Amino acid sequence: MRVACEEVARVSAGVASSARRKEGVARLDGRPLDKVRALQWTLYRCAKQDPERRFHSLYGHVSRRDVLWRAWSGVCANRGAPGVDGVTVDAVAAAGVEEFLNDLSQQLRAHTYRPSPLRQVLIPKPGRPGEFRPLSIPTVADRVVMTAAKLVLEPVFEADFLPVSYGFRPKRSAIDACESVRVEANRGREWVLEADIRDCFGSIRHDALVAQVARRVVDGPMLKLIRMWLRAGVLEDGATGSPGAGTPQGSPISPLLANIALHVLDVAWQRDGHRLGVLVRYCDDFVILCPTRERAVQARELAGTVLVGLGLQLHPEKTGIVHLARGGQGFDFLGFHHRKVESWRRRGRFHLQRWPSQRAMGVLRDKIRAATDRRHVGRSLSAVVADLNPVLRGWAAYFRNGNSAGKFSTIDSYVHERLAIFDNRKRGIPGRKWGKRHDGAWFARLGAFRLSGNVRRVAVHASR
């Protein structure tokens with residue numbers, strides 16, 4: 001068994017004794033880095049240099065004050081609802097963050113820290129009426145400790161993660177995943193396995209997950225910490241049920257744990273599946289692009305076999321094979337609809353394009369409709385527009401990376417229509433007619449964010 005890299009302790013000690021100690025900044029490889037970033041970079045470098053290295057002294061870093069402060073900053077920025085204790089982020093800030101973090105640090109150092117049960121809420125699935133997703137909410141204290149553990153563990157496993165994985169990883173995004181899909185489809189891989197894992201976060205076997213963590217981490221207290229979070233259970237009707245599987249969806253460390261578990265699929269694909277097609281995975285959402293239908297069928301069998309070892313299975317009704325040739329079929333992935341479109345310059349040539357899916361369009365329309373509902377008729381138009389603009393900007397910032405001009409124009413027209421109808425209701429004008437008074441100049445004066453003109457077109461050809 002290899003021990004953890006002694007360089008972690010040496011660099012950390014050097015950082016603490018440096019001349020820039022008061023500023024909390026070190027210099028690593030000629031670049032100014034704060035102490036937490038220096039720790040992360042050292043852990044990453046140690047793990048990258050030796051893929052067989054196993055780390056045995058990570059728990060002590062979780063209780064460090066600078067790590068807890070960084071974790072608190074992340075939790076504070078994300079806000080979030082209170083857990084079972086009812087304590088909010090604002091309440092912690094009002095009572096004193098310094099004392100709060102001191103107490104957490106002491107509990108961790110004395111090994112007396114115990115996570116509280118989770119508070120479960122059911123949130124509606126966007127675009128799927130009647131369907132709900134269970135969200136398990138930890139307390140603010142637990143979220144801080146989970147985030148601190150994520151800060152320490154993520155660099156170690158990031159060194160192992162493969163390029164096919166894009167979800168919840170530093171400097172990688174859903175748009176990067178979509179670009180990979182576009183390039184591979186334009187290179188001739190036109191048979192696509194669109195996969196859906198049934199209840200991924202709620203079904204991962206604990207023993208399989210901890211075994212994957214233990215590949216790199218042999219620190220007993222750290223593994224115990226992870227097991228406590230997995231077994232914390234959900235508080236329902238005054239009783240706490242202990243789950244036998246799954247990682248709580250809603251906790252800061254869950255995406256990392258899911259990536260660690262599903263890394264098994266990435267490795268299997270690198271070893272056995274690369275001859276079948278190209279895997280593009282965004283956490284538990286993935287597609288496989290293959291050159292033939294036969295290989296797509298084999299890819300589905302291989303993926304299903306690998307997932308069974310984690311206690312997971314492909315959803316039989318939501319997993320299918322799509323043929324992209326000549327724009328005959330398309331598929332939805334990460335909010336976009338992907339489909340091949342004939343080139344207007346070179347007839348007979350088809351290239352993969354993407355635009356907001358029908359589900360994504362429906363979710364945005366629902367938000368616009370809710371903001372302009374008749375129950376808000378007592379509010380001013382400027383207040384309604386002020387509430388709408390951040391929603392429209394955020395939606396446009398994501399979907400502008402594609403061929404979304406037509407969909408953006410449709411949304412602009414819908415916002416115009418809804419605001420005009422809302423104005424008529426305020427004035428007591430019956431019916432839904434609008435047009436003469438509510439022209440383009442009127443809409444422009446409102447200051448509503450316009451999506452049109454914000455598209456960032458992507459390259460069409462696979463070589464770009």
# chains A, B, ... in the order shown; residues from 1 in each chain; ligands from 1
call {"tool": "residues_around", "arguments": {"residues": "Phe333 of chain A", "least_positions_apart": "6", "cutoff": "10 Å", "atoms": "only C-alpha atoms", "output": "mmCIF file with C-alpha atoms, in the first residue's frame"}}
result
data_model
loop_
_atom_site.group_PDB
_atom_site.id
_atom_site.type_symbol
_atom_site.label_atom_id
_atom_site.label_comp_id
_atom_site.auth_asym_id
_atom_site.auth_seq_id
_atom_site.Cartn_x
_atom_site.Cartn_y
_atom_site.Cartn_z
ATOM 1 C CA ALA A 174 -22.713 21.026 -20.732
ATOM 2 C CA ALA A 177 -20.442 17.958 -23.993
ATOM 3 C CA CYS A 178 -22.810 19.174 -26.726
ATOM 4 C CA VAL A 181 -21.652 15.262 -29.689
ATOM 5 C CA GLU A 194 -29.646 8.029 -25.754
ATOM 6 C CA ALA A 195 -29.494 6.507 -22.289
ATOM 7 C CA TYR A 282 -22.712 14.502 -18.152
ATOM 8 C CA ASP A 285 -26.969 11.661 -18.391
ATOM 9 C CA PHE A 286 -25.081 10.162 -21.319
ATOM 10 C CA VAL A 287 -25.215 9.327 -25.017
ATOM 11 C CA ARG A 354 -28.920 22.060 -31.846
ATOM 12 C CA PRO A 356 -33.725 24.457 -27.272
ATOM 13 C CA SER A 357 -35.831 21.329 -26.874
#
call {"tool": "select_by_dssp", "arguments": {"residues": "segment 88-314 of chain A", "states": "strand (DSSP E)", "output": "PyMOL selection string"}}
result
chain A and resi 118-124+132-137+191-196+234-236+239-241+278-282+285-290
call {"tool": "residues_around", "arguments": {"residues": "segment 384-391 of chain A", "least_positions_apart": "3", "cutoff": "6 Å", "atoms": "only C-alpha atoms", "output": "list in words"}}
result
Leu381, Gly394, Ala448 and Phe449 of chain A
call {"tool": "write_last_selection", "arguments": {"atoms": "C-alpha atoms", "output": "compact mmCIF listing (two decimals), in the first residue's frame"}}
result
# COMPACT_ATOMS: atom_id res chain seq x y z
CA LEU A 381 -45.36 46.52 -15.51
CA GLY A 394 -30.08 33.12 -17.73
CA ALA A 448 -37.70 43.64 -21.38
CA PHE A 449 -34.65 41.57 -22.26
call {"tool": "select_by_dssp", "arguments": {"residues": "segment 208-421 of chain A", "states": "alpha helix (DSSP H)", "output": "NGL selection string"}}
result
:A and (208-213 or 220-230 or 254-268 or 293-308 or 358-371 or 381-399 or 405-421)
call {"tool": "residues_around", "arguments": {"residues": "Leu230 of chain A", "least_positions_apart": "6", "cutoff": "8 Å", "atoms": "only C-alpha atoms", "output": "MDAnalysis selection string"}}
result
chainID A and resid 206 243 245:248
call {"tool": "write_last_selection", "arguments": {"atoms": "all heavy atoms", "output": "PDB file, in the first residue's frame"}}
result
ATOM      1  N   HIS A 206     -24.245   1.543  -1.839  1.00  0.00           N
ATOM      2  CA  HIS A 206     -23.266   2.170  -0.952  1.00  0.00           C
ATOM      3  C   HIS A 206     -21.932   1.450  -0.969  1.00  0.00           C
ATOM      4  O   HIS A 206     -20.875   2.080  -0.996  1.00  0.00           O
ATOM      5  CB  HIS A 206     -23.820   2.227   0.478  1.00  0.00           C
ATOM      6  CG  HIS A 206     -24.926   3.217   0.640  1.00  0.00           C
ATOM      7  ND1 HIS A 206     -25.681   3.321   1.791  1.00  0.00           N
ATOM      8  CD2 HIS A 206     -25.422   4.162  -0.202  1.00  0.00           C
ATOM      9  CE1 HIS A 206     -26.575   4.281   1.655  1.00  0.00           C
ATOM     10  NE2 HIS A 206     -26.443   4.798   0.456  1.00  0.00           N
ATOM     11  N   PRO A 243     -31.409   4.802   4.531  1.00  0.00           N
ATOM     12  CA  PRO A 243     -31.449   4.260   3.172  1.00  0.00           C
ATOM     13  C   PRO A 243     -30.429   3.152   2.984  1.00  0.00           C
ATOM     14  O   PRO A 243     -29.335   3.184   3.543  1.00  0.00           O
ATOM     15  CB  PRO A 243     -31.106   5.475   2.306  1.00  0.00           C
ATOM     16  CG  PRO A 243     -30.243   6.323   3.190  1.00  0.00           C
ATOM     17  CD  PRO A 243     -30.770   6.121   4.592  1.00  0.00           C
ATOM     18  N   ALA A 245     -29.401   2.402  -0.122  1.00  0.00           N
ATOM     19  CA  ALA A 245     -28.683   2.728  -1.343  1.00  0.00           C
ATOM     20  C   ALA A 245     -28.904   4.197  -1.656  1.00  0.00           C
ATOM     21  O   ALA A 245     -29.785   4.848  -1.089  1.00  0.00           O
ATOM     22  CB  ALA A 245     -29.159   1.854  -2.501  1.00  0.00           C
ATOM     23  N   GLY A 246     -28.088   4.720  -2.557  1.00  0.00           N
ATOM     24  CA  GLY A 246     -28.268   6.075  -3.040  1.00  0.00           C
ATOM     25  C   GLY A 246     -27.438   7.099  -2.303  1.00  0.00           C
ATOM     26  O   GLY A 246     -27.009   6.903  -1.168  1.00  0.00           O
ATOM     27  N   THR A 247     -27.210   8.215  -2.993  1.00  0.00           N
ATOM     28  CA  THR A 247     -26.555   9.363  -2.397  1.00  0.00           C
ATOM     29  C   THR A 247     -27.532  10.520  -2.468  1.00  0.00           C
ATOM     30  O   THR A 247     -28.177  10.718  -3.503  1.00  0.00           O
ATOM     31  CB  THR A 247     -25.240   9.702  -3.136  1.00  0.00           C
ATOM     32  OG1 THR A 247     -24.675  10.911  -2.612  1.00  0.00           O
ATOM     33  CG2 THR A 247     -25.446   9.863  -4.625  1.00  0.00           C
ATOM     34  N   PRO A 248     -27.724  11.275  -1.383  1.00  0.00           N
ATOM     35  CA  PRO A 248     -28.797  12.279  -1.344  1.00  0.00           C
ATOM     36  C   PRO A 248     -28.654  13.345  -2.414  1.00  0.00           C
ATOM     37  O   PRO A 248     -27.647  14.040  -2.485  1.00  0.00           O
ATOM     38  CB  PRO A 248     -28.666  12.880   0.063  1.00  0.00           C
ATOM     39  CG  PRO A 248     -27.298  12.534   0.518  1.00  0.00           C
ATOM     40  CD  PRO A 248     -26.954  11.242  -0.139  1.00  0.00           C
TER      41      PRO A 248
END
call {"tool": "closest_residue", "arguments": {"among": "A:Lys171, A:Arg231, A:Arg198, A:Arg119", "to": "Ser136 of chain A", "atoms": "only C-alpha atoms"}}
result
A:Arg119
call {"tool": "closest_atom_pairs", "arguments": {"of": "segment 26-105 of chain A", "to": "segment 151-158 of chain A", "cutoff": "9 Å", "atoms": "only C-alpha atoms", "output": "tab-separated table"}}
result
residue	atom	partner	partner_atom	distance
A:Val36	CA	A:Leu151	CA	8.3
A:Leu39	CA	A:Val152	CA	8.0
A:Gln40	CA	A:Pro155	CA	5.7
A:Trp41	CA	A:Pro155	CA	7.1
A:Thr42	CA	A:Pro155	CA	8.5
A:Leu43	CA	A:Val156	CA	5.8
A:Tyr44	CA	A:Pro155	CA	4.6
A:Arg45	CA	A:Pro155	CA	8.4
A:Cys46	CA	A:Val156	CA	8.0
A:Ala47	CA	A:Val156	CA	5.6
A:Lys48	CA	A:Val156	CA	8.0
A:Phe55	CA	A:Val156	CA	8.5
A:Leu58	CA	A:Val152	CA	7.0
A:Tyr59	CA	A:Val152	CA	8.5
A:His61	CA	A:Val152	CA	7.0
A:Val62	CA	A:Val152	CA	6.8
A:Val67	CA	A:Leu151	CA	7.6
A:Arg70	CA	A:Leu151	CA	8.6
A:Ala71	CA	A:Leu151	CA	7.7
call {"tool": "residues_around", "arguments": {"residues": "Ser116 of chain A", "least_positions_apart": "5", "cutoff": "10 Å", "atoms": "only C-alpha atoms", "output": "list of chain:residue names"}}
result
A:Gly83, A:Val84, A:Asp85, A:Pro138, A:Thr139, A:Ala141, A:Asp142, A:Met228, A:Trp229, A:Ala232, A:Gly233, A:Val234, A:Leu235, A:Thr240
call {"tool": "residues_around", "arguments": {"residues": "segment 398-410 of chain A", "least_positions_apart": "2", "cutoff": "10 Å", "atoms": "only C-alpha atoms", "output": "mmCIF file with C-alpha atoms, in the first residue's frame"}}
result
data_model
loop_
_atom_site.group_PDB
_atom_site.id
_atom_site.type_symbol
_atom_site.label_atom_id
_atom_site.label_comp_id
_atom_site.auth_asym_id
_atom_site.auth_seq_id
_atom_site.Cartn_x
_atom_site.Cartn_y
_atom_site.Cartn_z
ATOM 1 C CA ALA A 174 -22.713 21.026 -20.732
ATOM 2 C CA ILE A 175 -21.880 23.079 -23.816
ATOM 3 C CA CYS A 178 -22.810 19.174 -26.726
ATOM 4 C CA GLU A 179 -19.854 20.217 -28.849
ATOM 5 C CA GLY A 335 -31.769 20.725 -22.745
ATOM 6 C CA PHE A 336 -30.989 20.904 -26.468
ATOM 7 C CA HIS A 338 -29.930 17.702 -31.621
ATOM 8 C CA LEU A 352 -25.726 18.354 -36.725
ATOM 9 C CA GLN A 353 -27.297 21.431 -35.204
ATOM 10 C CA ARG A 354 -28.920 22.060 -31.846
ATOM 11 C CA TRP A 355 -31.570 24.358 -30.438
ATOM 12 C CA PRO A 356 -33.725 24.457 -27.272
ATOM 13 C CA SER A 357 -35.831 21.329 -26.874
ATOM 14 C CA GLN A 358 -39.616 21.442 -26.679
ATOM 15 C CA ALA A 360 -36.979 23.550 -22.387
ATOM 16 C CA MET A 361 -39.265 25.872 -24.341
ATOM 17 C CA ARG A 393 -30.982 36.382 -19.430
ATOM 18 C CA GLY A 394 -30.079 33.119 -17.728
ATOM 19 C CA TRP A 395 -31.986 31.045 -20.280
ATOM 20 C CA ALA A 396 -30.413 32.926 -23.191
ATOM 21 C CA ASP A 412 -39.489 37.270 -27.734
ATOM 22 C CA SER A 413 -42.907 37.228 -29.417
ATOM 23 C CA TYR A 414 -44.400 35.288 -26.525
ATOM 24 C CA VAL A 415 -43.012 37.717 -23.918
ATOM 25 C CA HIS A 416 -44.374 40.627 -25.983
ATOM 26 C CA ARG A 450 -34.716 40.478 -25.896
ATOM 27 C CA LEU A 451 -33.226 37.119 -26.747
ATOM 28 C CA SER A 452 -32.933 37.801 -30.473
ATOM 29 C CA GLY A 453 -29.452 38.860 -31.491
ATOM 30 C CA ASN A 454 -27.770 36.984 -28.635
ATOM 31 C CA VAL A 455 -27.043 33.709 -30.446
ATOM 32 C CA ARG A 456 -23.430 32.575 -30.514
ATOM 33 C CA ARG A 457 -23.270 30.420 -33.584
ATOM 34 C CA VAL A 458 -21.098 27.329 -33.405
ATOM 35 C CA ALA A 459 -19.052 25.806 -36.190
ATOM 36 C CA VAL A 460 -20.916 23.426 -38.431
#
call {"tool": "residues_around", "arguments": {"residues": "segment 315-330 of chain A", "least_positions_apart": "3", "cutoff": "9 Å", "atoms": "only C-alpha atoms", "output": "PyMOL selection string"}}
result
chain A and resi 185+188-199+293+296-297+300+337-342+348-352
call {"tool": "atom_distance", "arguments": {"atom1": "atom CA of Leu265 of chain A", "atom2": "atom CA of Val306 of chain A"}}
result
6.2 Å
call {"tool": "closest_atom_pairs", "arguments": {"of": "segment 291-313 of chain A", "to": "segment 249-261 of chain A", "cutoff": "12 Å", "atoms": "only C-alpha atoms", "output": "Markdown table"}}
result
| residue | atom | partner | partner_atom | distance |
| --- | --- | --- | --- | --- |
| A:Val306 | CA | A:Ala261 | CA | 10.9 |
| A:Leu307 | CA | A:Ala261 | CA | 9.5 |
| A:Val308 | CA | A:Ala261 | CA | 11.8 |
| A:Gly309 | CA | A:Ala261 | CA | 10.1 |
| A:Leu310 | CA | A:Ala261 | CA | 7.3 |
| A:Gly311 | CA | A:Ala261 | CA | 10.4 |
| A:Leu312 | CA | A:Ala261 | CA | 10.5 |
call {"tool": "atom_distance", "arguments": {"atom1": "atom CA of Pro430 of chain A", "atom2": "atom CA of Val377 of chain A"}}
result
13.6 Å
call {"tool": "decode", "arguments": {"residues": "segment 362-377 of chain A", "atoms": "all heavy atoms", "output": "PDB file, in the first residue's frame"}}
result
ATOM      1  N   GLY A 362     -41.070  24.743 -23.163  1.00  0.00           N
ATOM      2  CA  GLY A 362     -42.269  24.690 -22.326  1.00  0.00           C
ATOM      3  C   GLY A 362     -42.016  25.176 -20.918  1.00  0.00           C
ATOM      4  O   GLY A 362     -42.852  25.874 -20.331  1.00  0.00           O
ATOM      5  N   VAL A 363     -40.861  24.814 -20.357  1.00  0.00           N
ATOM      6  CA  VAL A 363     -40.526  25.255 -19.000  1.00  0.00           C
ATOM      7  C   VAL A 363     -40.410  26.777 -18.944  1.00  0.00           C
ATOM      8  O   VAL A 363     -40.915  27.421 -18.011  1.00  0.00           O
ATOM      9  CB  VAL A 363     -39.205  24.600 -18.538  1.00  0.00           C
ATOM     10  CG1 VAL A 363     -38.718  25.226 -17.238  1.00  0.00           C
ATOM     11  CG2 VAL A 363     -39.396  23.102 -18.343  1.00  0.00           C
ATOM     12  N   LEU A 364     -39.755  27.383 -19.954  1.00  0.00           N
ATOM     13  CA  LEU A 364     -39.619  28.837 -19.965  1.00  0.00           C
ATOM     14  C   LEU A 364     -40.969  29.513 -20.154  1.00  0.00           C
ATOM     15  O   LEU A 364     -41.273  30.515 -19.498  1.00  0.00           O
ATOM     16  CB  LEU A 364     -38.651  29.261 -21.069  1.00  0.00           C
ATOM     17  CG  LEU A 364     -38.381  30.775 -21.152  1.00  0.00           C
ATOM     18  CD1 LEU A 364     -37.783  31.294 -19.848  1.00  0.00           C
ATOM     19  CD2 LEU A 364     -37.475  31.111 -22.327  1.00  0.00           C
ATOM     20  N   ARG A 365     -41.802  28.972 -21.043  1.00  0.00           N
ATOM     21  CA  ARG A 365     -43.141  29.553 -21.222  1.00  0.00           C
ATOM     22  C   ARG A 365     -43.936  29.517 -19.915  1.00  0.00           C
ATOM     23  O   ARG A 365     -44.665  30.470 -19.603  1.00  0.00           O
ATOM     24  CB  ARG A 365     -43.897  28.793 -22.321  1.00  0.00           C
ATOM     25  CG  ARG A 365     -43.463  29.116 -23.735  1.00  0.00           C
ATOM     26  CD  ARG A 365     -44.521  28.634 -24.723  1.00  0.00           C
ATOM     27  NE  ARG A 365     -44.109  28.833 -26.090  1.00  0.00           N
ATOM     28  CZ  ARG A 365     -43.541  27.893 -26.854  1.00  0.00           C
ATOM     29  NH1 ARG A 365     -43.331  26.687 -26.346  1.00  0.00           N
ATOM     30  NH2 ARG A 365     -43.207  28.141 -28.094  1.00  0.00           N
ATOM     31  N   ASP A 366     -43.816  28.435 -19.182  1.00  0.00           N
ATOM     32  CA  ASP A 366     -44.526  28.336 -17.901  1.00  0.00           C
ATOM     33  C   ASP A 366     -44.076  29.436 -16.942  1.00  0.00           C
ATOM     34  O   ASP A 366     -44.901  30.021 -16.217  1.00  0.00           O
ATOM     35  CB  ASP A 366     -44.280  26.967 -17.272  1.00  0.00           C
ATOM     36  CG  ASP A 366     -44.993  25.844 -18.016  1.00  0.00           C
ATOM     37  OD1 ASP A 366     -45.902  26.144 -18.818  1.00  0.00           O
ATOM     38  OD2 ASP A 366     -44.630  24.668 -17.806  1.00  0.00           O
ATOM     39  N   LYS A 367     -42.771  29.712 -16.911  1.00  0.00           N
ATOM     40  CA  LYS A 367     -42.262  30.770 -16.032  1.00  0.00           C
ATOM     41  C   LYS A 367     -42.744  32.148 -16.472  1.00  0.00           C
ATOM     42  O   LYS A 367     -43.098  32.994 -15.637  1.00  0.00           O
ATOM     43  CB  LYS A 367     -40.739  30.732 -16.011  1.00  0.00           C
ATOM     44  CG  LYS A 367     -40.159  29.497 -15.334  1.00  0.00           C
ATOM     45  CD  LYS A 367     -38.637  29.522 -15.339  1.00  0.00           C
ATOM     46  CE  LYS A 367     -38.069  28.288 -14.636  1.00  0.00           C
ATOM     47  NZ  LYS A 367     -36.593  28.290 -14.633  1.00  0.00           N
ATOM     48  N   ILE A 368     -42.776  32.372 -17.778  1.00  0.00           N
ATOM     49  CA  ILE A 368     -43.262  33.665 -18.294  1.00  0.00           C
ATOM     50  C   ILE A 368     -44.750  33.819 -17.988  1.00  0.00           C
ATOM     51  O   ILE A 368     -45.216  34.887 -17.558  1.00  0.00           O
ATOM     52  CB  ILE A 368     -43.005  33.759 -19.809  1.00  0.00           C
ATOM     53  CG1 ILE A 368     -41.502  33.763 -20.096  1.00  0.00           C
ATOM     54  CG2 ILE A 368     -43.652  35.012 -20.388  1.00  0.00           C
ATOM     55  CD1 ILE A 368     -41.149  33.577 -21.564  1.00  0.00           C
ATOM     56  N   ARG A 369     -45.501  32.731 -18.191  1.00  0.00           N
ATOM     57  CA  ARG A 369     -46.938  32.774 -17.931  1.00  0.00           C
ATOM     58  C   ARG A 369     -47.221  33.025 -16.447  1.00  0.00           C
ATOM     59  O   ARG A 369     -48.124  33.798 -16.098  1.00  0.00           O
ATOM     60  CB  ARG A 369     -47.581  31.453 -18.373  1.00  0.00           C
ATOM     61  CG  ARG A 369     -49.102  31.488 -18.385  1.00  0.00           C
ATOM     62  CD  ARG A 369     -49.684  30.134 -18.796  1.00  0.00           C
ATOM     63  NE  ARG A 369     -49.192  29.714 -20.091  1.00  0.00           N
ATOM     64  CZ  ARG A 369     -48.390  28.681 -20.302  1.00  0.00           C
ATOM     65  NH1 ARG A 369     -47.974  27.953 -19.261  1.00  0.00           N
ATOM     66  NH2 ARG A 369     -48.000  28.358 -21.503  1.00  0.00           N
ATOM     67  N   ALA A 370     -46.427  32.397 -15.574  1.00  0.00           N
ATOM     68  CA  ALA A 370     -46.629  32.582 -14.135  1.00  0.00           C
ATOM     69  C   ALA A 370     -46.314  34.016 -13.719  1.00  0.00           C
ATOM     70  O   ALA A 370     -47.004  34.597 -12.874  1.00  0.00           O
ATOM     71  CB  ALA A 370     -45.757  31.611 -13.359  1.00  0.00           C
ATOM     72  N   ALA A 371     -45.272  34.613 -14.310  1.00  0.00           N
ATOM     73  CA  ALA A 371     -44.890  35.985 -13.941  1.00  0.00           C
ATOM     74  C   ALA A 371     -45.900  37.012 -14.417  1.00  0.00           C
ATOM     75  O   ALA A 371     -46.008  38.101 -13.841  1.00  0.00           O
ATOM     76  CB  ALA A 371     -43.506  36.305 -14.515  1.00  0.00           C
ATOM     77  N   THR A 372     -46.654  36.681 -15.485  1.00  0.00           N
ATOM     78  CA  THR A 372     -47.617  37.635 -16.045  1.00  0.00           C
ATOM     79  C   THR A 372     -49.057  37.186 -15.790  1.00  0.00           C
ATOM     80  O   THR A 372     -49.975  37.630 -16.482  1.00  0.00           O
ATOM     81  CB  THR A 372     -47.385  37.783 -17.560  1.00  0.00           C
ATOM     82  OG1 THR A 372     -47.442  36.493 -18.178  1.00  0.00           O
ATOM     83  CG2 THR A 372     -46.016  38.396 -17.838  1.00  0.00           C
ATOM     84  N   ASP A 373     -49.250  36.338 -14.799  1.00  0.00           N
ATOM     85  CA  ASP A 373     -50.580  35.833 -14.490  1.00  0.00           C
ATOM     86  C   ASP A 373     -51.467  36.964 -13.957  1.00  0.00           C
ATOM     87  O   ASP A 373     -50.982  37.952 -13.401  1.00  0.00           O
ATOM     88  CB  ASP A 373     -50.471  34.711 -13.451  1.00  0.00           C
ATOM     89  CG  ASP A 373     -51.786  33.974 -13.283  1.00  0.00           C
ATOM     90  OD1 ASP A 373     -52.090  33.125 -14.135  1.00  0.00           O
ATOM     91  OD2 ASP A 373     -52.497  34.267 -12.299  1.00  0.00           O
ATOM     92  N   ARG A 374     -52.772  36.781 -14.091  1.00  0.00           N
ATOM     93  CA  ARG A 374     -53.730  37.815 -13.668  1.00  0.00           C
ATOM     94  C   ARG A 374     -53.653  38.099 -12.172  1.00  0.00           C
ATOM     95  O   ARG A 374     -54.039  39.177 -11.727  1.00  0.00           O
ATOM     96  CB  ARG A 374     -55.152  37.425 -14.061  1.00  0.00           C
ATOM     97  CG  ARG A 374     -55.666  36.168 -13.383  1.00  0.00           C
ATOM     98  CD  ARG A 374     -57.150  35.921 -13.688  1.00  0.00           C
ATOM     99  NE  ARG A 374     -57.373  35.573 -15.077  1.00  0.00           N
ATOM    100  CZ  ARG A 374     -58.030  36.362 -15.934  1.00  0.00           C
ATOM    101  NH1 ARG A 374     -58.500  37.546 -15.526  1.00  0.00           N
ATOM    102  NH2 ARG A 374     -58.216  35.974 -17.172  1.00  0.00           N
ATOM    103  N   ARG A 375     -53.142  37.151 -11.374  1.00  0.00           N
ATOM    104  CA  ARG A 375     -53.066  37.405  -9.935  1.00  0.00           C
ATOM    105  C   ARG A 375     -52.041  38.483  -9.587  1.00  0.00           C
ATOM    106  O   ARG A 375     -52.031  38.991  -8.471  1.00  0.00           O
ATOM    107  CB  ARG A 375     -52.745  36.114  -9.185  1.00  0.00           C
ATOM    108  CG  ARG A 375     -51.359  35.559  -9.392  1.00  0.00           C
ATOM    109  CD  ARG A 375     -51.146  34.287  -8.565  1.00  0.00           C
ATOM    110  NE  ARG A 375     -49.815  33.754  -8.698  1.00  0.00           N
ATOM    111  CZ  ARG A 375     -49.410  32.916  -9.635  1.00  0.00           C
ATOM    112  NH1 ARG A 375     -50.290  32.524 -10.557  1.00  0.00           N
ATOM    113  NH2 ARG A 375     -48.179  32.471  -9.685  1.00  0.00           N
ATOM    114  N   HIS A 376     -51.174  38.841 -10.552  1.00  0.00           N
ATOM    115  CA  HIS A 376     -50.169  39.883 -10.328  1.00  0.00           C
ATOM    116  C   HIS A 376     -50.607  41.228 -10.909  1.00  0.00           C
ATOM    117  O   HIS A 376     -49.790  42.135 -11.050  1.00  0.00           O
ATOM    118  CB  HIS A 376     -48.838  39.481 -10.966  1.00  0.00           C
ATOM    119  CG  HIS A 376     -48.267  38.207 -10.433  1.00  0.00           C
ATOM    120  ND1 HIS A 376     -48.037  38.002  -9.088  1.00  0.00           N
ATOM    121  CD2 HIS A 376     -47.880  37.065 -11.073  1.00  0.00           C
ATOM    122  CE1 HIS A 376     -47.528  36.778  -8.912  1.00  0.00           C
ATOM    123  NE2 HIS A 376     -47.438  36.196 -10.100  1.00  0.00           N
ATOM    124  N   VAL A 377     -51.900  41.333 -11.250  1.00  0.00           N
ATOM    125  CA  VAL A 377     -52.353  42.528 -11.957  1.00  0.00           C
ATOM    126  C   VAL A 377     -52.173  43.806 -11.126  1.00  0.00           C
ATOM    127  O   VAL A 377     -52.131  44.916 -11.662  1.00  0.00           O
ATOM    128  CB  VAL A 377     -53.830  42.352 -12.392  1.00  0.00           C
ATOM    129  CG1 VAL A 377     -54.774  42.488 -11.197  1.00  0.00           C
ATOM    130  CG2 VAL A 377     -54.190  43.326 -13.491  1.00  0.00           C
TER     131      VAL A 377
END
